[in-house]
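Data first, discussion second: the structure below is written as structure tokens.
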Amino acid sequence: MDKRVVFNEAHCKSCELCVWICPKQIIHLKQELNPLGYRPAYVSDEDQEQCISCAMCARMCPDAVIEVFR
Amino acid sequence: MKPVYLRPKSLTETVSHYCPGCTHGISHRLVAEVIDELGIQSKTIGVASVGCSVFAYNYFEVDFQQAAHGRAPAVATGIKRVHPDKIVFTYQGDGDLASIGAAEIVHAAARGENITVIFINNAIYGMTGGQMAPTTLEGQVTTTSPSGRTHSVQGYPLKMSELIATIEGAYYVVRCSLHNPAHIARAKRAIKQAFENQIEGKGFSMVEVLSTCPTNWRMTPVEALKWVEQHMIPVYPLGEFKTGEGE
Ligand SMILES: Cc1ncc(C[n+]2csc(CCOP(=O)(O)OP(=O)(O)O)c2C)c(N)n1
Ligand code: SF4
Ligand code: SF4
Ligand code: SF4
């Protein structure tokens, strides 16, 4: 399945606003660091199916990291 | 799969220097979305101010001029009068607009300049390390009000939207917030209205956006959003203060 929510991980700053707002609570921070030194937000391949494409995460993100598809 | 949300084209690919979770980034994104939707990217000129948003010219894929502290409305006036066919907006913090630039914003409004002002109220001087701003709340602790702002010593918070709305030349004055997606959507509609007013030649529009400074407020980004809702909005009520000249 194609991804419903796609993160530009290199731009993420681990602010967790997307983690907080997601109604399905499927966004988490990775353990490894991105080139900026932050733990990027992501949705696991399994959890992509849980995503309802509401785009609340993308509208909350201050760094325009997230794109959403339906 | 169909796109539901794509990164706006009027933002550059540059990673911003803003702190994690700072809502300056959301305001940038909303302005860029509006520029995209109105199809005005090639004729928009931004005026950056002094403060954390001083580097805004690196983040918007439109022409930009950086103004001296507080002078963005004066610079925007010059640009708009020389290039009346361009869409000119300023992007200013509360230290910039409400303190050192208080005269410029008042007179740009009084002249009814046909420009759009995006005013970021985060109740503090962010860039310089968290000093008290004219917009700092009573009781709020900053590096220059270490026991909390007290009106008998430091005066009252300055309510710029209410003040500008008293000026005849101002056409549209609105205050909005970014503390959740519903309010972000409202803020975007207000910003779009403020740009449309300029396109239609209606005159001076100012959108005040209640914004966070998690770093200098010493809060997590989520705590900062809740602080906006619980503490800023009671002092800075949301809504349209003016729609239409002379009202
Ligand atoms: C003429 C002048 N005076 C003072 C300063 C120092 N200074 C830089 S930014 C700033 C205030 C910024 O606060 P604000 O406008 O609220 O923006 P923020 O950083 O919070 O986004 C000040 C006083 C300056 N750069 N130039
Ligand atoms: S689109 Fe909605 S459901 Fe999907 S990850 Fe984002 S916030 Fe969660
Ligand atoms: S809101 Fe954006 S920057 Fe913040 S953690 Fe989520 S993806 Fe990263
Ligand atoms: S200092 Fe405050 S206003 Fe400036 S980028 Fe950091 S959080 Fe944002």
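Just remember, in the structure tokens the first chain shown is A, the second B, etc., residues are 1-based per chain, and ligands are 1-based in the order shown.
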Could you pull out all residues of chain A with a DSSP call of alpha helix (DSSP H) and give them as a compact mmCIF listing (two decimals) with N, CA and C atoms, in the first residue's frame?
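Output saved as part.txt:
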# COMPACT_ATOMS: atom_id res chain seq x y z
N LEU A 17 4.42 18.20 18.05
CA LEU A 17 3.07 18.75 17.89
C LEU A 17 2.20 17.77 17.08
N CYS A 18 2.81 17.10 16.09
CA CYS A 18 2.05 16.11 15.30
C CYS A 18 1.70 14.90 16.16
N VAL A 19 2.64 14.48 17.00
CA VAL A 19 2.42 13.33 17.89
C VAL A 19 1.22 13.62 18.79
N TRP A 20 1.18 14.85 19.30
CA TRP A 20 0.14 15.28 20.23
C TRP A 20 -1.23 15.35 19.55
N ILE A 21 -1.28 15.86 18.32
CA ILE A 21 -2.59 16.14 17.70
C ILE A 21 -3.19 14.92 16.99
N MET A 56 -4.37 16.61 10.10
CA MET A 56 -4.19 17.49 11.27
C MET A 56 -2.70 17.61 11.62
N CYS A 57 -1.97 16.52 11.45
CA CYS A 57 -0.53 16.54 11.73
C CYS A 57 0.17 17.56 10.83
N ALA A 58 -0.18 17.52 9.53
CA ALA A 58 0.47 18.41 8.57
C ALA A 58 0.13 19.86 8.85
N ARG A 59 -1.11 20.12 9.27
CA ARG A 59 -1.53 21.50 9.54
C ARG A 59 -0.96 22.03 10.85
N MET A 60 -0.53 21.13 11.70
CA MET A 60 0.07 21.53 12.98
C MET A 60 1.59 21.73 12.84
**Q.** Contact residues around stretch 12-29 of chain B with only C-alpha atoms at 7 Å, ignoring same-chain residues under 5 positions, as JSON, numbers by chain
**A.** {"A": [11, 13, 14, 15, 17, 61, 62, 63, 64], "B": [59, 60, 61, 211, 212, 213, 214, 221]}
Q | Residue nearest chain A among B:His179, B:Lys192, B:Lys242, B:Arg149 (counting only C-alpha atoms) | A | B:His179
Q: Please extract the residues at most 8 Å from ligand 2, counting only C-alpha atoms and all ligand atoms, and provide them as a VMD selection string, using the chain letters and residue numbers of this document.
A: chain A and resid 4 to 5 18 to 19 21 to 27 43 48 50 to 58 68
Q | Residue contacts of B:Gln198 (6 Å, only C-alpha atoms) excluding same-chain residues fewer than 4 positions away, as a ChimeraX atom specification | A | /B:114,202-203
Q: Could you tell me how far atom CA of A:Phe69 lies from atom CA of B:Tyr5, in Å and to one decimal?
A: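 These two atoms are separated by 6.9 Å.
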Q: May I have the residues within 7 Å of B:Thr90 as a list in words, using only C-alpha atoms and disregarding those fewer than 5 positions away in the same chain?
A: Gly46, Val47, Ala48, Ala72, Pro73, Ala76, Thr116, Val117 and Ile118 of chain B
Take the residues from that selection and write them out as an mmCIF file, in the first residue's frame, keeping N, CA, C and O atoms.
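In the end it all went to result_30.cif:
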data_model
loop_
_atom_site.group_PDB
_atom_site.id
_atom_site.type_symbol
_atom_site.label_atom_id
_atom_site.label_comp_id
_atom_site.auth_asym_id
_atom_site.auth_seq_id
_atom_site.Cartn_x
_atom_site.Cartn_y
_atom_site.Cartn_z
ATOM 1 N N GLY B 46 7.708 40.452 0.150
ATOM 2 C CA GLY B 46 7.618 40.450 1.603
ATOM 3 C C GLY B 46 8.584 41.451 2.203
ATOM 4 O O GLY B 46 9.616 41.780 1.609
ATOM 5 N N VAL B 47 8.256 41.952 3.383
ATOM 6 C CA VAL B 47 9.178 42.814 4.120
ATOM 7 C C VAL B 47 9.420 42.162 5.482
ATOM 8 O O VAL B 47 8.495 42.042 6.295
ATOM 9 N N ALA B 48 10.657 41.715 5.690
ATOM 10 C CA ALA B 48 11.007 41.064 6.951
ATOM 11 C C ALA B 48 11.362 42.127 7.973
ATOM 12 O O ALA B 48 11.805 43.223 7.628
ATOM 13 N N ALA B 72 9.228 48.123 9.102
ATOM 14 C CA ALA B 72 8.671 47.363 7.980
ATOM 15 C C ALA B 72 7.445 48.031 7.331
ATOM 16 O O ALA B 72 7.353 48.052 6.102
ATOM 17 N N PRO B 73 6.503 48.611 8.109
ATOM 18 C CA PRO B 73 5.353 49.234 7.443
ATOM 19 C C PRO B 73 5.750 50.444 6.589
ATOM 20 O O PRO B 73 5.111 50.718 5.567
ATOM 21 N N ALA B 76 7.360 48.929 3.485
ATOM 22 C CA ALA B 76 6.292 48.360 2.656
ATOM 23 C C ALA B 76 5.508 49.463 1.957
ATOM 24 O O ALA B 76 5.098 49.315 0.803
ATOM 25 N N THR B 116 -0.541 44.455 3.554
ATOM 26 C CA THR B 116 -0.990 43.399 4.467
ATOM 27 C C THR B 116 0.070 43.217 5.541
ATOM 28 O O THR B 116 1.254 43.043 5.223
ATOM 29 N N VAL B 117 -0.354 43.268 6.802
ATOM 30 C CA VAL B 117 0.580 43.135 7.925
ATOM 31 C C VAL B 117 0.279 41.836 8.676
ATOM 32 O O VAL B 117 -0.858 41.617 9.102
ATOM 33 N N ILE B 118 1.305 40.989 8.802
ATOM 34 C CA ILE B 118 1.189 39.788 9.618
ATOM 35 C C ILE B 118 1.953 40.069 10.906
ATOM 36 O O ILE B 118 3.174 40.285 10.886
#
**Q.** Option closest in space to A:Phe7, from B:Arg7, B:Val228, B:Glu196, B:His69 [counting only C-alpha atoms]
**A.** B:Arg7
**Q.** Close residues, B:Glu104 itself excluded, 7 Å, only C-alpha atoms, min 5 positions apart in chain, as a ChimeraX atom specification
**A.** /B:70-71,73-74
Output the selection as a PDB file, in the first residue's frame - N, CA and C atoms for each residue.
ATOM      1  N   GLY B  70      11.354  47.666  13.338  1.00  0.00           N
ATOM      2  CA  GLY B  70      10.103  48.409  13.474  1.00  0.00           C
ATOM      3  C   GLY B  70       9.651  49.148  12.236  1.00  0.00           C
ATOM      4  N   ARG B  71      10.527  49.240  11.237  1.00  0.00           N
ATOM      5  CA  ARG B  71      10.234  50.108  10.090  1.00  0.00           C
ATOM      6  C   ARG B  71       9.568  49.392   8.931  1.00  0.00           C
ATOM      7  N   PRO B  73       6.503  48.611   8.109  1.00  0.00           N
ATOM      8  CA  PRO B  73       5.353  49.234   7.443  1.00  0.00           C
ATOM      9  C   PRO B  73       5.750  50.444   6.589  1.00  0.00           C
ATOM     10  N   ALA B  74       6.805  51.158   7.002  1.00  0.00           N
ATOM     11  CA  ALA B  74       7.276  52.303   6.215  1.00  0.00           C
ATOM     12  C   ALA B  74       7.941  51.814   4.927  1.00  0.00           C
TER      13      ALA B  74
END
